[in-house]
Structures are given as C-alpha cells and as structure tokens.
Amino acid sequence: MKLQILWSWGAIPTPRPFCVCDVCKKARTIGAPYKRNSCSLYVHDIKALVDCGEDIADALNKSDISDVDNLFITHRHPDHTFGLRNVLQSYFDFVEEKKQKVIQLYMPKRVHEDMKIHYPSINYFVDVLGLANIVYIEHNQSVTIGDTQVTAIWFTGEKSETYWYLFEQWRKRFLYTPCDTISFQQEAQNLDLLITECWVFSHEKVKSEIWFPQLMDRLKLYAPKKTLLTHIEEIEINAWWLDYLEKMKNTYKDVPFDFAHDGLIIDL
C-alpha cells in the first residue's frame, strides 16, 4: 500500500490567525515544517481519503492528489469533516448543474447522525446534489475495495462517537486513529503501522487528552512495527517548540515511533 500523510497538524492550523508566536511567524515566512494544516490521510491504492478538515482543498492541491473515489470519516469534529463541501463539490458542474462523479462516503450510522446535526449541509450534498453515496460501516464490519479491506473499530462501545479504521492488503495491516484516543478501549495487535495522535505534553493543564507518556505505554503494549504520530497541536508546539519533538524521540528510544510531517509518503 502507498499512503500519504496530507497534513499532520491538529484542530488549529499553523499559522494560527492573529498569533504572533515564533512558530506562527516562521510558518508565514518560511512555510514547512512550521506551516501545517489539519490532519488527513490518503491511500493511493484505492483513491481513499480519510477525514477532510476545513483546509482539505489546500492539502489535496499541495500533495498533487488528482482523484478521490472513497472518503472515510472517523468522527464529526470540524477539523475532520468541515472540508466535505470542497471535496464533493469538486465533482459538480455548476454551469450544467450536474454531478460528474459520486463519491462513496463511509462512516458508522452514529457518526452520520452526529454530522447531520453539526454539519447539516451534508444532507444537501448527498440528497439534493447526489454527490455522495453514504455507506454505513459499523464496528468490526469491513468493506473491500479492490485488494484492500477496511474495517471500522469503535472507541468505547455501542455509543461510541469516534472510530478507527484498519486497512489490510496482502498481509500488511495499518491502523489509522488520528484523534481522541484517550478513550480507546480495544486491542490493536500485529500492526505493521500505526498512525495515531500525538497529544499532549501539557498534561498538568489538559486532562481530557492522552498524555504523551501514556501514549508511549500504549505503543509498548500494542507493539506495532512502526508508529507515526499525527494531529500535532499548534498550541503545544507554541509552548514546547519543535525541538521538543526530537527530545521525545531521544527520551523514548526503545519505542519505534516518529512524528509525521505534511506530504510524507509511506510504502507499506
């Protein structure tokens, strides 16, 4: 499988509007690696996008992605879904007023219900313009696209609002879990690759997210062959600076992980 990290940042893109911290200043003047947008993933083999934040158009253009056939949604948060319009309407001819393509839009029913409340425009794109076909994929259910099988995994049980997606192809397995992993209660073994959220270094102030040492303990338990950390938060880098990422790699040398960066391509 060929995977591409389109963007690797968190809920707030960098540079953050109105911010004058050193990170945001450098993001404006230098660009990468300081400039980053909301996290998203593209699986080239099946032309599949996982999540689409508000800045997904920028991500797709800069990564030279030319087509999306399938779109998987992990949860309804705006930094994972509010770019839906930009993806779907790219396949709509406003002059002829007709669709050029229908994207297969995969998500659990609970996530769809959440989206209809928090992003009601989805009804217009699906029911009126017909730009997407919604396919429900529930916990431990799989869809097969070409040679790739994709399985949804809930975080907390039947009332879960957030899901992981397990991709399997030719005995290679990778799990994508970009956000809110503090509540994850499932096993995740025999992984060739785990792409998961970075959060947080400032645990004494932020109690609602997984603490970095807790994340390292989880990686030791799951023991994936390789781990990439995404959803790196601007406010954390503002507080700790980019050098702190390298410090963490040196501190946990016994854990095979690295920090993702925008445009990173992985051949699995």
# chains A, B, ... in the order shown; residues from 1 in each chain; ligands from 1
call {"tool": "select_by_dssp", "arguments": {"residues": "stretch 1-230 of chain A", "states": "strand (DSSP E)", "output": "MDAnalysis selection string"}}
result
chainID A and resid 2:7 40:43 48:50 70:72 92:93 98:99 103:107 132:136 142:145 148:154 163:169 172:177 193:197 227:230
call {"tool": "residues_around", "arguments": {"residues": "A:Met216", "least_positions_apart": "5", "cutoff": "9 Å", "atoms": "only C-alpha atoms", "output": "ChimeraX atom specification"}}
result
/A:211,221,252,255
call {"tool": "write_last_selection", "arguments": {"atoms": "all heavy atoms", "output": "compact mmCIF listing (two decimals), in the first residue's frame"}}
result
# COMPACT_ATOMS: atom_id res chain seq x y z
N TRP A 211 -1.95 11.71 27.59
CA TRP A 211 -0.67 12.29 27.94
C TRP A 211 0.42 11.53 27.18
O TRP A 211 0.32 10.33 26.96
CB TRP A 211 -0.47 12.18 29.44
CG TRP A 211 0.72 12.87 30.00
CD1 TRP A 211 1.34 13.97 29.50
CD2 TRP A 211 1.44 12.50 31.17
NE1 TRP A 211 2.39 14.33 30.30
CE2 TRP A 211 2.48 13.43 31.35
CE3 TRP A 211 1.29 11.47 32.13
CZ2 TRP A 211 3.38 13.38 32.40
CZ3 TRP A 211 2.17 11.43 33.18
CH2 TRP A 211 3.21 12.37 33.32
N LEU A 221 2.53 -1.58 24.57
CA LEU A 221 1.54 -2.66 24.70
C LEU A 221 1.13 -3.18 23.33
O LEU A 221 1.07 -4.40 23.11
CB LEU A 221 0.32 -2.14 25.46
CG LEU A 221 -0.87 -3.11 25.59
CD1 LEU A 221 -0.48 -4.33 26.42
CD2 LEU A 221 -2.07 -2.40 26.21
N TYR A 252 12.48 8.33 24.39
CA TYR A 252 11.82 7.03 24.22
C TYR A 252 12.44 6.26 23.05
O TYR A 252 11.74 5.82 22.12
CB TYR A 252 10.32 7.22 24.00
CG TYR A 252 9.62 7.86 25.19
CD1 TYR A 252 9.37 9.23 25.23
CD2 TYR A 252 9.21 7.09 26.27
CE1 TYR A 252 8.73 9.81 26.32
CE2 TYR A 252 8.59 7.66 27.37
CZ TYR A 252 8.35 9.02 27.38
OH TYR A 252 7.72 9.59 28.46
N VAL A 255 11.04 2.87 21.82
CA VAL A 255 9.74 2.79 21.13
C VAL A 255 9.94 3.21 19.68
O VAL A 255 10.38 4.34 19.42
CB VAL A 255 8.69 3.69 21.81
CG1 VAL A 255 7.34 3.55 21.10
CG2 VAL A 255 8.57 3.34 23.29
call {"tool": "residues_around", "arguments": {"residues": "A:Leu215", "least_positions_apart": "2", "cutoff": "9 Å", "atoms": "only C-alpha atoms", "output": "MDAnalysis selection string"}}
result
chainID A and resid 182 197:199 210:213 217:220
call {"tool": "write_last_selection", "arguments": {"atoms": "all heavy atoms", "output": "JSON list (two decimals), in the first residue's frame"}}
result
[["chain", "number", "residue", "atom", "x", "y", "z"],
["A", 182, "ILE", "N", -7.71, 8.89, 23.90],
["A", 182, "ILE", "CA", -7.67, 8.62, 25.33],
["A", 182, "ILE", "C", -8.76, 7.63, 25.75],
["A", 182, "ILE", "O", -8.60, 6.87, 26.69],
["A", 182, "ILE", "CB", -7.81, 9.94, 26.15],
["A", 182, "ILE", "CG1", -7.52, 9.68, 27.64],
["A", 182, "ILE", "CG2", -9.17, 10.59, 25.95],
["A", 182, "ILE", "CD1", -7.43, 10.93, 28.48],
["A", 197, "GLU", "N", -2.61, 9.83, 17.09],
["A", 197, "GLU", "CA", -2.41, 11.21, 17.50],
["A", 197, "GLU", "C", -1.23, 11.36, 18.45],
["A", 197, "GLU", "O", -0.88, 10.45, 19.19],
["A", 197, "GLU", "CB", -3.67, 11.75, 18.18],
["A", 197, "GLU", "CG", -4.00, 11.11, 19.51],
["A", 197, "GLU", "CD", -5.07, 11.84, 20.28],
["A", 197, "GLU", "OE1", -5.32, 13.03, 20.01],
["A", 197, "GLU", "OE2", -5.67, 11.22, 21.18],
["A", 198, "CYS", "N", -0.66, 12.55, 18.43],
["A", 198, "CYS", "CA", 0.48, 12.86, 19.29],
["A", 198, "CYS", "C", 0.06, 13.25, 20.70],
["A", 198, "CYS", "O", 0.55, 12.69, 21.68],
["A", 198, "CYS", "CB", 1.29, 14.00, 18.68],
["A", 198, "CYS", "SG", 2.63, 14.60, 19.71],
["A", 199, "TRP", "N", -0.84, 14.22, 20.85],
["A", 199, "TRP", "CA", -1.27, 14.76, 22.14],
["A", 199, "TRP", "C", -0.59, 14.13, 23.34],
["A", 199, "TRP", "O", -0.05, 13.05, 23.21],
["A", 199, "TRP", "CB", -2.79, 14.60, 22.33],
["A", 199, "TRP", "CG", -3.59, 15.80, 21.93],
["A", 199, "TRP", "CD1", -4.48, 15.85, 20.91],
["A", 199, "TRP", "CD2", -3.61, 17.10, 22.53],
["A", 199, "TRP", "NE1", -5.06, 17.09, 20.83],
["A", 199, "TRP", "CE2", -4.54, 17.87, 21.81],
["A", 199, "TRP", "CE3", -2.92, 17.68, 23.60],
["A", 199, "TRP", "CZ2", -4.81, 19.21, 22.13],
["A", 199, "TRP", "CZ3", -3.20, 18.99, 23.90],
["A", 199, "TRP", "CH2", -4.13, 19.75, 23.17],
["A", 210, "ILE", "N", -4.97, 12.28, 25.90],
["A", 210, "ILE", "CA", -3.96, 11.32, 26.32],
["A", 210, "ILE", "C", -2.62, 12.03, 26.52],
["A", 210, "ILE", "O", -2.23, 12.89, 25.73],
["A", 210, "ILE", "CB", -3.84, 10.17, 25.30],
["A", 210, "ILE", "CG1", -2.97, 9.05, 25.87],
["A", 210, "ILE", "CG2", -3.34, 10.67, 23.95],
["A", 210, "ILE", "CD1", -3.01, 7.78, 25.04],
["A", 211, "TRP", "N", -1.95, 11.71, 27.59],
["A", 211, "TRP", "CA", -0.67, 12.29, 27.94],
["A", 211, "TRP", "C", 0.42, 11.53, 27.18],
["A", 211, "TRP", "O", 0.32, 10.33, 26.96],
["A", 211, "TRP", "CB", -0.47, 12.18, 29.44],
["A", 211, "TRP", "CG", 0.72, 12.87, 30.00],
["A", 211, "TRP", "CD1", 1.34, 13.97, 29.50],
["A", 211, "TRP", "CD2", 1.44, 12.50, 31.17],
["A", 211, "TRP", "NE1", 2.39, 14.33, 30.30],
["A", 211, "TRP", "CE2", 2.48, 13.43, 31.35],
["A", 211, "TRP", "CE3", 1.29, 11.47, 32.13],
["A", 211, "TRP", "CZ2", 3.38, 13.38, 32.40],
["A", 211, "TRP", "CZ3", 2.17, 11.43, 33.18],
["A", 211, "TRP", "CH2", 3.21, 12.37, 33.32],
["A", 212, "PHE", "N", 1.47, 12.22, 26.78],
["A", 212, "PHE", "CA", 2.49, 11.59, 25.94],
["A", 212, "PHE", "C", 3.09, 10.34, 26.57],
["A", 212, "PHE", "O", 3.22, 9.31, 25.88],
["A", 212, "PHE", "CB", 3.58, 12.61, 25.58],
["A", 212, "PHE", "CG", 4.40, 12.18, 24.41],
["A", 212, "PHE", "CD1", 3.96, 12.38, 23.12],
["A", 212, "PHE", "CD2", 5.63, 11.56, 24.60],
["A", 212, "PHE", "CE1", 4.72, 11.98, 22.02],
["A", 212, "PHE", "CE2", 6.40, 11.15, 23.52],
["A", 212, "PHE", "CZ", 5.94, 11.37, 22.23],
["A", 213, "PRO", "N", 3.46, 10.35, 27.85],
["A", 213, "PRO", "CA", 3.95, 9.08, 28.45],
["A", 213, "PRO", "C", 2.92, 7.95, 28.42],
["A", 213, "PRO", "O", 3.28, 6.79, 28.25],
["A", 213, "PRO", "CB", 4.27, 9.49, 29.89],
["A", 213, "PRO", "CG", 4.61, 10.94, 29.79],
["A", 213, "PRO", "CD", 3.65, 11.48, 28.77],
["A", 217, "ASP", "N", 3.33, 4.24, 26.65],
["A", 217, "ASP", "CA", 2.96, 2.95, 27.28],
["A", 217, "ASP", "C", 2.02, 2.16, 26.38],
["A", 217, "ASP", "O", 2.13, 0.93, 26.28],
["A", 217, "ASP", "CB", 2.28, 3.21, 28.63],
["A", 217, "ASP", "CG", 3.25, 3.71, 29.70],
["A", 217, "ASP", "OD1", 4.47, 3.51, 29.52],
["A", 217, "ASP", "OD2", 2.78, 4.30, 30.68],
["A", 218, "ARG", "N", 1.12, 2.85, 25.72],
["A", 218, "ARG", "CA", 0.19, 2.16, 24.81],
["A", 218, "ARG", "C", 0.95, 1.57, 23.63],
["A", 218, "ARG", "O", 0.67, 0.43, 23.20],
["A", 218, "ARG", "CB", -0.87, 3.15, 24.31],
["A", 218, "ARG", "CG", -1.84, 2.54, 23.31],
["A", 218, "ARG", "CD", -2.89, 3.54, 22.87],
["A", 218, "ARG", "NE", -3.85, 3.82, 23.94],
["A", 218, "ARG", "CZ", -4.83, 4.72, 23.85],
["A", 218, "ARG", "NH1", -4.95, 5.44, 22.75],
["A", 218, "ARG", "NH2", -5.66, 4.91, 24.85],
["A", 219, "LEU", "N", 1.91, 2.29, 23.11],
["A", 219, "LEU", "CA", 2.69, 1.78, 21.98],
["A", 219, "LEU", "C", 3.50, 0.55, 22.38],
["A", 219, "LEU", "O", 3.66, -0.39, 21.59],
["A", 219, "LEU", "CB", 3.61, 2.87, 21.43],
["A", 219, "LEU", "CG", 2.92, 4.10, 20.83],
["A", 219, "LEU", "CD1", 3.94, 5.03, 20.21],
["A", 219, "LEU", "CD2", 1.86, 3.71, 19.81],
["A", 220, "LYS", "N", 4.00, 0.54, 23.61],
["A", 220, "LYS", "CA", 4.72, -0.64, 24.09],
["A", 220, "LYS", "C", 3.79, -1.84, 24.20],
["A", 220, "LYS", "O", 4.18, -2.97, 23.93],
["A", 220, "LYS", "CB", 5.36, -0.34, 25.44],
["A", 220, "LYS", "CG", 6.49, 0.67, 25.37],
["A", 220, "LYS", "CD", 7.01, 1.02, 26.76],
["A", 220, "LYS", "CE", 8.07, 2.10, 26.71],
["A", 220, "LYS", "NZ", 8.54, 2.48, 28.07]]
call {"tool": "closest_atom_pairs", "arguments": {"of": "stretch 85-141 of chain A", "to": "stretch 59-80 of chain A", "cutoff": "6 Å", "atoms": "only C-alpha atoms", "output": "Markdown table"}}
result
| residue | atom | partner | partner_atom | distance |
| --- | --- | --- | --- | --- |
| A:Ile103 | CA | A:Asp69 | CA | 5.2 |
| A:Gln104 | CA | A:Asn70 | CA | 4.8 |
| A:Leu105 | CA | A:Leu71 | CA | 4.9 |
| A:Tyr106 | CA | A:Phe72 | CA | 4.8 |
| A:Met107 | CA | A:Ile73 | CA | 5.4 |
| A:Val111 | CA | A:His75 | CA | 5.7 |
| A:Met115 | CA | A:Arg76 | CA | 5.5 |
call {"tool": "residues_around", "arguments": {"residues": "A:Gln89", "least_positions_apart": "6", "cutoff": "9 Å", "atoms": "only C-alpha atoms", "output": "ChimeraX atom specification"}}
result
/A:99,125,129,131
call {"tool": "write_last_selection", "arguments": {"atoms": "N, CA, C and O atoms", "output": "PDB file, in the first residue's frame"}}
result
ATOM      1  N   LYS A  99     -23.854  16.515 -11.629  1.00  0.00           N
ATOM      2  CA  LYS A  99     -22.702  15.888 -10.977  1.00  0.00           C
ATOM      3  C   LYS A  99     -21.851  15.174 -12.009  1.00  0.00           C
ATOM      4  O   LYS A  99     -22.352  14.669 -13.027  1.00  0.00           O
ATOM      5  N   PHE A 125     -25.644  17.984  -0.001  1.00  0.00           N
ATOM      6  CA  PHE A 125     -24.681  17.384  -0.922  1.00  0.00           C
ATOM      7  C   PHE A 125     -25.070  15.962  -1.305  1.00  0.00           C
ATOM      8  O   PHE A 125     -24.875  15.540  -2.443  1.00  0.00           O
ATOM      9  N   LEU A 129     -27.846  17.210  -4.342  1.00  0.00           N
ATOM     10  CA  LEU A 129     -26.884  17.178  -5.448  1.00  0.00           C
ATOM     11  C   LEU A 129     -26.463  15.759  -5.819  1.00  0.00           C
ATOM     12  O   LEU A 129     -25.986  15.522  -6.924  1.00  0.00           O
ATOM     13  N   LEU A 131     -23.969  13.931  -4.700  1.00  0.00           N
ATOM     14  CA  LEU A 131     -22.531  13.845  -4.917  1.00  0.00           C
ATOM     15  C   LEU A 131     -21.867  12.726  -4.120  1.00  0.00           C
ATOM     16  O   LEU A 131     -20.692  12.432  -4.343  1.00  0.00           O
TER      17      LEU A 131
END
call {"tool": "residues_around", "arguments": {"residues": "A:Leu166", "least_positions_apart": "2", "cutoff": "10 Å", "atoms": "only C-alpha atoms", "output": "PyMOL selection string"}}
result
chain A and resi 140+142+149-153+163-164+168+173-177+188+191+194
call {"tool": "select_by_dssp", "arguments": {"residues": "stretch 10-259 of chain A", "states": "alpha helix (DSSP H)", "output": "VMD selection string"}}
result
chain A and resid 22 to 29 56 to 62 78 to 81 84 to 88 109 to 118 121 to 123 212 to 222 234 to 240 243 to 251
call {"tool": "residues_around", "arguments": {"residues": "A:Lys25", "least_positions_apart": "3", "cutoff": "12 Å", "atoms": "only C-alpha atoms", "output": "list in words"}}
result
Thr14, Pro15, Arg16, Pro17, Phe18, Cys19, Val20, Cys21, Asp22, Arg28, Thr29, Ile30, Gly31, Ala32, Tyr34, Lys35 and Asn238 of chain A
call {"tool": "write_last_selection", "arguments": {"atoms": "C-alpha atoms", "output": "mmCIF file, in the first residue's frame"}}
result
data_model
loop_
_atom_site.group_PDB
_atom_site.id
_atom_site.type_symbol
_atom_site.label_atom_id
_atom_site.label_comp_id
_atom_site.auth_asym_id
_atom_site.auth_seq_id
_atom_site.Cartn_x
_atom_site.Cartn_y
_atom_site.Cartn_z
ATOM 1 C CA THR A 14 -0.447 26.725 11.788
ATOM 2 C CA PRO A 15 -0.034 29.639 11.403
ATOM 3 C CA ARG A 16 -2.969 30.349 13.655
ATOM 4 C CA PRO A 17 -4.816 33.537 12.655
ATOM 5 C CA PHE A 18 -3.746 36.586 14.694
ATOM 6 C CA CYS A 19 -0.999 34.643 16.505
ATOM 7 C CA VAL A 20 2.427 36.301 16.743
ATOM 8 C CA CYS A 21 4.337 33.444 18.398
ATOM 9 C CA ASP A 22 7.637 32.400 16.818
ATOM 10 C CA ARG A 28 4.118 32.595 7.478
ATOM 11 C CA THR A 29 7.606 33.467 6.298
ATOM 12 C CA ILE A 30 9.306 30.078 5.844
ATOM 13 C CA GLY A 31 6.436 27.606 5.397
ATOM 14 C CA ALA A 32 7.214 23.932 6.083
ATOM 15 C CA TYR A 34 6.365 25.239 10.579
ATOM 16 C CA LYS A 35 3.263 25.587 8.403
ATOM 17 C CA ASN A 238 3.943 27.040 20.697
#
call {"tool": "closest_residue", "arguments": {"among": "A:Gly10, A:Gly53, A:Pro120, A:Pro224", "to": "A:Phe257", "atoms": "only C-alpha atoms"}}
result
A:Pro224
call {"tool": "atom_distance", "arguments": {"atom1": "atom CA of A:Asp192", "atom2": "atom CA of A:Phe167"}}
result
10.4 Å
call {"tool": "residues_around", "arguments": {"residues": "stretch 245-251 of chain A", "least_positions_apart": "5", "cutoff": "12 Å", "atoms": "only C-alpha atoms", "output": "list in words"}}
result
Cys198, Trp199, Val200, Phe201, Phe212, Pro213, Leu215, Met216, Thr227, Leu228, Leu229, Thr230, Ile232, Glu233, Glu236, Ile237, Ala239, Trp240, Pro256, Phe257, Asp258, Phe259, Ala260 and His261 of chain A
call {"tool": "write_last_selection", "arguments": {"atoms": "C-alpha atoms", "output": "PDB file, in the first residue's frame"}}
result
ATOM      1  CA  CYS A 198       0.478  12.857  19.294  1.00  0.00           C
ATOM      2  CA  TRP A 199      -1.272  14.764  22.143  1.00  0.00           C
ATOM      3  CA  VAL A 200      -0.328  16.147  24.837  1.00  0.00           C
ATOM      4  CA  PHE A 201       2.813  17.354  26.566  1.00  0.00           C
ATOM      5  CA  PHE A 212       2.488  11.592  25.939  1.00  0.00           C
ATOM      6  CA  PRO A 213       3.948   9.085  28.452  1.00  0.00           C
ATOM      7  CA  LEU A 215       0.807   7.124  24.647  1.00  0.00           C
ATOM      8  CA  MET A 216       4.282   5.615  24.882  1.00  0.00           C
ATOM      9  CA  THR A 227       4.264   4.256  14.561  1.00  0.00           C
ATOM     10  CA  LEU A 228       3.738   7.722  13.112  1.00  0.00           C
ATOM     11  CA  LEU A 229       2.322  10.450  15.324  1.00  0.00           C
ATOM     12  CA  THR A 230      -0.028  12.970  13.730  1.00  0.00           C
ATOM     13  CA  ILE A 232       0.289  17.613  16.442  1.00  0.00           C
ATOM     14  CA  GLU A 233      -1.259  20.644  18.112  1.00  0.00           C
ATOM     15  CA  GLU A 236       1.611  22.544  22.183  1.00  0.00           C
ATOM     16  CA  ILE A 237       4.411  23.392  19.757  1.00  0.00           C
ATOM     17  CA  ALA A 239       4.533  26.093  24.334  1.00  0.00           C
ATOM     18  CA  TRP A 240       7.274  23.470  23.892  1.00  0.00           C
ATOM     19  CA  PRO A 256       9.822   2.697  17.298  1.00  0.00           C
ATOM     20  CA  PHE A 257       7.950   5.912  16.519  1.00  0.00           C
ATOM     21  CA  ASP A 258       8.417   9.109  14.581  1.00  0.00           C
ATOM     22  CA  PHE A 259       6.485  12.312  14.067  1.00  0.00           C
ATOM     23  CA  ALA A 260       4.570  12.603  10.807  1.00  0.00           C
ATOM     24  CA  HIS A 261       5.024  15.579   8.540  1.00  0.00           C
TER      25      HIS A 261
END
call {"tool": "closest_residue", "arguments": {"among": "A:Val102, A:Ile117, A:Cys179, A:Val87", "to": "A:Ile134", "atoms": "only C-alpha atoms"}}
result
A:Val102
